[in-house]
Amino acid sequence: MDNINRLREMNPLVVCITNDVVKNFTANGLLAIGASPLVGGEVAEASDLMKSASALLVNIGTADQSKLQVMDEMMKEANRNNVPIVFDPVGFGASRFRVEITEQLLSRHEVSLIKGNAGEMHALSGAESNMKGVDSKEETPVEEIAGKAYDRYRTPVLVTGAQDALMTGNGVSIMDSGHPLQGRVTGSGCLLGAIICAFLGTSDRFDDQSVIDAVSYYNLCAEKAASAQEHPTPGTFATKLIDELYLNDDNLLKERKVVAR
Amino acid sequence: MDNINRLREMNPLVVCITNDVVKNFTANGLLAIGASPLVGGEVAEASDLMKSASALLVNIGTADQSKLQVMDEMMKEANRNNVPIVFDPVGFGASRFRVEITEQLLSRHEVSLIKGNAGEMHALSGAESNMKGVDSKEETPVEEIAGKAYDRYRTPVLVTGAQDALMTGNGVSIMDSGHPLQGRVTGSGCLLGAIICAFLGTSDRFDDQSVIDAVSYYNLCAEKAASAQEHPTPGTFATKLIDELYLNDDNLLKERKVVAR
Amino acid sequence: MDNINRLREMNPLVVCITNDVVKNFTANGLLAIGASPLVGGEVAEASDLMKSASALLVNIGTADQSKLQVMDEMMKEANRNNVPIVFDPVGFGASRFRVEITEQLLSRHEVSLIKGNAGEMHALSGAESNMKGVDSKEETPVEEIAGKAYDRYRTPVLVTGAQDALMTGNGVSIMDSGHPLQGRVTGSGCLLGAIICAFLGTSDRFDDQSVIDAVSYYNLCAEKAASAQEHPTPGTFATKLIDELYLNDDNLLKERKVVAR
């Protein structure tokens, strides 16, 4: 088990078509863990970038018609070059626009993983949305949501929350690490999507273990970041989360709490 | 007096059409205080988002023709749904473009509050601009500027500076908290606009007290953030300001310094 | 020698047309050192902004067709108003798009300095690109790259890396300060471009010494930021780098390590 070490040796190029709010935090998180971020990208660059990329993150957080074209072209070129795609439907259910572009992109391109918070993924699975903005108030268990979303898309899905559930053709895995302050730092879920890209970018094909390792490493780093303060606070916590992504290694993964069902 | 507690219970959705420089800081500040930020938004989303929003922030800091359309549509839908709007004319007077879009948006839509620094608000009141970029070198007293701006727009106005002046139909209130380092952190004024939105989003109608509480809470948090270091510095201060927005509660408001005239 | 003091007295307005990832960090770095940042700007604003600007930064990190127009117009107006331009071809060589817009902008406008990391500048000098994304894996000595890039463009060039090389009509200067963690903080190179703008914006004409001082001050601040932690980490380091830009003064420049050849 030397996933983090391998990641740092390979220094995978992760191209992130992500929302404007989290670009800096995402790039810093990827640099801290040992990946090479390229955040942004133009339609005309898709072909060149996907030839050297190890993975592609598509996050619809601040999408508009112009960014939709970039996403569409990047995903097409990613598929053509066998670059794995992680898709994050931020705010799915909060507007019809987000529903429409998600369905359009997912119908046109193959993705390796759809990840979102419980509210987004529940809406994505076909349940009536109770999304108010981009934060989840969802109370349905993540395992149940993951099952429904997988049934609908037949694509690996990750549902995040107090617990996280990964559902793939191999069954469901429940992960139980992390800290509540992650919900108070904007882009903490978006960065997780990018970190999963970095892990997926180090192997030739999708495997459940890479996603489980990525989620576990990230959430265990969050626990360590919080434990650095007696009364943890979100500003300092966000900085220390970046620090912990840099400091830790495969030993941290021994503390992961994962149940396969 | 339990405004902060009420805000945290209600967790108001604040939609922020704001500038590219401050999106992350704004979202983190809103999450820290207990609101739910949605930063960004497309023209096609305006109707859906304004149906669930508690308040709308419009900040013209990095506006262009495309963002102008988003602002226009969001403000129209906000008015239709009685969602209060805080308008921040960042850099007003630094270019004719900013003057024109501000006048266009304010002539077409009702806003609850216009807030800006002394240089911006002085130019907005009709004085000849001495704005160089987005930082204010204005020396006219904020109270005088607030009076002139109110006379021109007949809308509540907040003028920020070493002191802050709120002018409404009820008269003027001068607030005297804060720390000079706020001027060394980009978006510290922009975040204040978002925080005011969160406060306004918790009540059915505009009241002066919500704005006074928002400004006072924010500036007192800034004082506490600065006092955490013997020689305060802007990088650490910005992080600690987010921490303090999270840590404090209504007790902090007892320290506010407000004079009504 | 009172360059930092003069900068703080003059408070130069630095207009930054820069990439979405680093806008916040760039603005905070400029505010910390004592400059006045305006990040962003619309085509229609170019004429007004360049009349009051002290310097213009153009950074192509997340450029697209729309931003290309803004860059083109800002550079035209900067030339018209004798405003010095620092040009940063982020990711040059990673896509044909970035090569094309760089060559287009450099052929149409006069710039005071082209700065980039070793990989970008080597590709810019005509060498075959080995850029993968925006991070440099280049192993050719910076001095050699600076010579080639200068030969091609006959414009002052700065090549950054473990050492930094400035090549101008007066010859080459090698600077030897800084800390490896700068490579783990997104936008640390982009912010340097903006800091150089602030220094160039305080004098009437380009001089090598302003660039050498800017690079040295920035890199020495980075060393101090790293030395504040026993085991420095990138999240905390980035915050402390902003702090050090604010805290230090011309005394720090006594520690600079520069060799002219």
# chains A, B, ... in the order shown; residues from 1 in each chain; ligands from 1
>>> interface_residues(of="chain C", to="chain B", cutoff="10 Å", atoms="only C-alpha atoms", output="MDAnalysis selection string")
chainID C and resid 12:15 19:49 51:53 236 238:247
>>> residues_around(residues="Leu200 in chain B", least_positions_apart="3", cutoff="10 Å", atoms="only C-alpha atoms", output="list in words")
Leu7, Pro12, Val14, Ser54, Ala55, Leu56, Val83, Pro84, Ile85, Val86, Ser112, Leu113, Ala194, Ile195, Ile196, Cys197, Ser203, Asp204, Arg205, Phe206, Asp207, Asp208, Gln209, Ser210, Val211 and Ala214 of chain B
>>> residues_around(residues="His109 in chain C", least_positions_apart="3", cutoff="12 Å", atoms="only C-alpha atoms", output="compact mmCIF listing (two decimals) with N, CA, C and O atoms, in the first residue's frame")
# COMPACT_ATOMS: atom_id res chain seq x y z
N VAL C 58 -0.29 41.36 -17.40
CA VAL C 58 -1.09 40.50 -18.27
C VAL C 58 -0.59 39.07 -18.07
O VAL C 58 0.58 38.76 -18.33
N MET C 71 -7.24 41.74 -22.85
CA MET C 71 -5.78 41.90 -22.81
C MET C 71 -5.30 42.79 -23.95
O MET C 71 -4.47 43.69 -23.75
N ASP C 72 -5.81 42.53 -25.14
CA ASP C 72 -5.39 43.28 -26.32
C ASP C 72 -5.67 44.78 -26.14
O ASP C 72 -4.81 45.62 -26.40
N GLU C 73 -6.86 45.08 -25.67
CA GLU C 73 -7.26 46.49 -25.52
C GLU C 73 -6.49 47.16 -24.38
O GLU C 73 -6.05 48.31 -24.50
N MET C 74 -6.31 46.45 -23.28
CA MET C 74 -5.56 47.02 -22.14
C MET C 74 -4.11 47.30 -22.56
O MET C 74 -3.55 48.35 -22.23
N MET C 75 -3.51 46.35 -23.28
CA MET C 75 -2.11 46.54 -23.69
C MET C 75 -1.99 47.71 -24.67
O MET C 75 -1.04 48.50 -24.60
N LYS C 76 -2.95 47.85 -25.54
CA LYS C 76 -2.93 48.97 -26.49
C LYS C 76 -2.98 50.30 -25.73
O LYS C 76 -2.19 51.21 -26.01
N GLU C 77 -3.89 50.37 -24.76
CA GLU C 77 -4.02 51.62 -24.00
C GLU C 77 -2.83 51.83 -23.06
O GLU C 77 -2.45 52.98 -22.79
N ALA C 78 -2.26 50.74 -22.57
CA ALA C 78 -1.05 50.88 -21.73
C ALA C 78 0.08 51.48 -22.56
O ALA C 78 0.75 52.43 -22.12
N ASN C 79 0.30 50.96 -23.76
CA ASN C 79 1.33 51.52 -24.64
C ASN C 79 1.07 53.00 -24.93
O ASN C 79 1.98 53.82 -24.88
N ARG C 80 -0.18 53.32 -25.19
CA ARG C 80 -0.54 54.71 -25.50
C ARG C 80 -0.22 55.65 -24.34
O ARG C 80 0.13 56.81 -24.53
N ASN C 82 2.08 55.03 -21.92
CA ASN C 82 3.39 54.73 -21.32
C ASN C 82 3.31 54.03 -19.98
O ASN C 82 4.08 54.31 -19.05
N VAL C 83 2.35 53.13 -19.87
CA VAL C 83 2.23 52.31 -18.66
C VAL C 83 3.03 51.02 -18.89
O VAL C 83 2.79 50.32 -19.87
N PRO C 84 3.99 50.71 -18.01
CA PRO C 84 4.79 49.50 -18.21
C PRO C 84 3.94 48.24 -18.09
O PRO C 84 3.03 48.17 -17.27
N ILE C 85 4.25 47.25 -18.93
CA ILE C 85 3.51 45.99 -18.96
C ILE C 85 4.45 44.85 -18.58
O ILE C 85 5.54 44.71 -19.15
N VAL C 86 4.03 44.02 -17.63
CA VAL C 86 4.70 42.75 -17.38
C VAL C 86 3.81 41.65 -17.94
O VAL C 86 2.61 41.60 -17.65
N PHE C 87 4.40 40.79 -18.77
CA PHE C 87 3.64 39.75 -19.46
C PHE C 87 4.07 38.38 -18.94
O PHE C 87 5.25 38.05 -18.97
N THR C 102 -0.09 34.31 -27.09
CA THR C 102 1.14 34.97 -26.64
C THR C 102 1.82 35.65 -27.82
O THR C 102 2.19 36.84 -27.74
N GLU C 103 1.98 34.92 -28.90
CA GLU C 103 2.68 35.50 -30.05
C GLU C 103 1.89 36.67 -30.64
O GLU C 103 2.46 37.68 -31.04
N GLN C 104 0.58 36.54 -30.63
CA GLN C 104 -0.26 37.63 -31.13
C GLN C 104 -0.10 38.89 -30.28
O GLN C 104 0.12 39.98 -30.80
N LEU C 105 -0.19 38.72 -28.97
CA LEU C 105 -0.12 39.89 -28.08
C LEU C 105 1.28 40.52 -28.10
O LEU C 105 1.42 41.74 -28.14
N LEU C 106 2.31 39.67 -28.12
CA LEU C 106 3.67 40.22 -28.11
C LEU C 106 4.04 40.86 -29.44
O LEU C 106 4.91 41.75 -29.49
N SER C 112 7.38 45.61 -21.15
CA SER C 112 8.61 45.96 -20.43
C SER C 112 9.36 44.72 -20.01
O SER C 112 10.60 44.76 -19.89
N LEU C 113 8.62 43.64 -19.72
CA LEU C 113 9.25 42.42 -19.21
C LEU C 113 8.37 41.23 -19.54
O LEU C 113 7.14 41.30 -19.38
N THR C 155 13.60 41.80 -25.67
CA THR C 155 12.85 42.46 -24.60
C THR C 155 13.37 41.88 -23.29
O THR C 155 13.73 40.70 -23.26
>>> select_by_dssp(residues="range 67-216 of chain B", states="strand (DSSP E)", output="PDB file with N, CA and C atoms, in the first residue's frame")
ATOM      1  N   ILE B  85     -32.114  43.399  -1.916  1.00  0.00           N
ATOM      2  CA  ILE B  85     -30.873  43.513  -2.695  1.00  0.00           C
ATOM      3  C   ILE B  85     -29.930  44.493  -2.011  1.00  0.00           C
ATOM      4  N   VAL B  86     -28.695  44.077  -1.811  1.00  0.00           N
ATOM      5  CA  VAL B  86     -27.632  45.003  -1.425  1.00  0.00           C
ATOM      6  C   VAL B  86     -26.763  45.225  -2.657  1.00  0.00           C
ATOM      7  N   PHE B  87     -26.530  46.486  -2.989  1.00  0.00           N
ATOM      8  CA  PHE B  87     -25.795  46.828  -4.200  1.00  0.00           C
ATOM      9  C   PHE B  87     -24.471  47.494  -3.824  1.00  0.00           C
ATOM     10  N   ASP B  88     -23.376  46.969  -4.367  1.00  0.00           N
ATOM     11  CA  ASP B  88     -22.044  47.478  -4.033  1.00  0.00           C
ATOM     12  C   ASP B  88     -21.344  47.939  -5.315  1.00  0.00           C
ATOM     13  N   LEU B 113     -30.365  48.553  -0.182  1.00  0.00           N
ATOM     14  CA  LEU B 113     -29.228  49.295   0.363  1.00  0.00           C
ATOM     15  C   LEU B 113     -28.168  49.428  -0.717  1.00  0.00           C
ATOM     16  N   ILE B 114     -27.606  50.643  -0.826  1.00  0.00           N
ATOM     17  CA  ILE B 114     -26.398  50.845  -1.627  1.00  0.00           C
ATOM     18  C   ILE B 114     -25.253  51.018  -0.647  1.00  0.00           C
ATOM     19  N   LYS B 115     -24.217  50.192  -0.771  1.00  0.00           N
ATOM     20  CA  LYS B 115     -23.072  50.344   0.140  1.00  0.00           C
ATOM     21  C   LYS B 115     -21.782  50.471  -0.663  1.00  0.00           C
ATOM     22  N   GLY B 116     -20.897  51.305  -0.185  1.00  0.00           N
ATOM     23  CA  GLY B 116     -19.615  51.435  -0.854  1.00  0.00           C
ATOM     24  C   GLY B 116     -18.653  52.182   0.037  1.00  0.00           C
ATOM     25  N   ASN B 117     -17.382  52.221  -0.385  1.00  0.00           N
ATOM     26  CA  ASN B 117     -16.436  53.003   0.414  1.00  0.00           C
ATOM     27  C   ASN B 117     -16.639  54.487   0.117  1.00  0.00           C
ATOM     28  N   VAL B 157     -28.422  54.166   2.323  1.00  0.00           N
ATOM     29  CA  VAL B 157     -27.032  54.083   1.879  1.00  0.00           C
ATOM     30  C   VAL B 157     -26.119  53.853   3.071  1.00  0.00           C
ATOM     31  N   LEU B 158     -25.073  53.074   2.822  1.00  0.00           N
ATOM     32  CA  LEU B 158     -24.041  52.848   3.838  1.00  0.00           C
ATOM     33  C   LEU B 158     -22.711  53.257   3.236  1.00  0.00           C
ATOM     34  N   VAL B 159     -22.012  54.165   3.920  1.00  0.00           N
ATOM     35  CA  VAL B 159     -20.706  54.626   3.472  1.00  0.00           C
ATOM     36  C   VAL B 159     -19.669  54.097   4.463  1.00  0.00           C
ATOM     37  N   THR B 160     -18.710  53.322   3.962  1.00  0.00           N
ATOM     38  CA  THR B 160     -17.740  52.706   4.864  1.00  0.00           C
ATOM     39  C   THR B 160     -16.409  53.438   4.838  1.00  0.00           C
ATOM     40  N   ASP B 164     -18.243  54.321   9.824  1.00  0.00           N
ATOM     41  CA  ASP B 164     -19.246  53.945   8.825  1.00  0.00           C
ATOM     42  C   ASP B 164     -20.524  54.744   9.094  1.00  0.00           C
ATOM     43  N   ALA B 165     -21.155  55.220   8.032  1.00  0.00           N
ATOM     44  CA  ALA B 165     -22.387  56.004   8.186  1.00  0.00           C
ATOM     45  C   ALA B 165     -23.525  55.350   7.418  1.00  0.00           C
ATOM     46  N   LEU B 166     -24.614  55.074   8.135  1.00  0.00           N
ATOM     47  CA  LEU B 166     -25.836  54.565   7.504  1.00  0.00           C
ATOM     48  C   LEU B 166     -26.857  55.689   7.458  1.00  0.00           C
ATOM     49  N   MET B 167     -27.390  55.991   6.299  1.00  0.00           N
ATOM     50  CA  MET B 167     -28.421  57.037   6.167  1.00  0.00           C
ATOM     51  C   MET B 167     -29.659  56.395   5.576  1.00  0.00           C
ATOM     52  N   THR B 168     -30.773  56.552   6.282  1.00  0.00           N
ATOM     53  CA  THR B 168     -32.056  56.022   5.794  1.00  0.00           C
ATOM     54  C   THR B 168     -33.118  57.090   6.042  1.00  0.00           C
ATOM     55  N   GLY B 171     -32.927  58.767   9.428  1.00  0.00           N
ATOM     56  CA  GLY B 171     -31.785  59.579   9.832  1.00  0.00           C
ATOM     57  C   GLY B 171     -30.480  58.841   9.665  1.00  0.00           C
ATOM     58  N   VAL B 172     -29.452  59.382  10.293  1.00  0.00           N
ATOM     59  CA  VAL B 172     -28.117  58.831  10.083  1.00  0.00           C
ATOM     60  C   VAL B 172     -27.604  58.155  11.360  1.00  0.00           C
ATOM     61  N   SER B 173     -26.903  57.056  11.192  1.00  0.00           N
ATOM     62  CA  SER B 173     -26.243  56.379  12.307  1.00  0.00           C
ATOM     63  C   SER B 173     -24.762  56.262  11.983  1.00  0.00           C
ATOM     64  N   ILE B 174     -23.940  56.649  12.950  1.00  0.00           N
ATOM     65  CA  ILE B 174     -22.490  56.568  12.759  1.00  0.00           C
ATOM     66  C   ILE B 174     -21.960  55.406  13.593  1.00  0.00           C
ATOM     67  N   MET B 175     -21.227  54.507  12.943  1.00  0.00           N
ATOM     68  CA  MET B 175     -20.686  53.334  13.628  1.00  0.00           C
ATOM     69  C   MET B 175     -19.175  53.459  13.708  1.00  0.00           C
TER      70      MET B 175
END
>>> select_by_dssp(residues="range 59-249 of chain A", states="alpha helix (DSSP H)", output="MDAnalysis selection string")
chainID A and resid 65:80 96:108 118:124 142:153 188:200 208:227 234:247
>>> closest_residue(among="A:Ala149, A:Met50, A:Leu192, A:Val70", to="Gly178 in chain A", atoms="only C-alpha atoms")
A:Leu192
>>> residues_around(residues="Phe92 in chain A", least_positions_apart="5", cutoff="7 Å", atoms="only C-alpha atoms", output="PyMOL selection string")
chain A and resi 98-99+120+123-124
>>> closest_residue(among="A:Gly193, A:Glu143, A:Glu110, A:Gln163", to="Lys257 in chain A", atoms="only C-alpha atoms")
A:Gln163
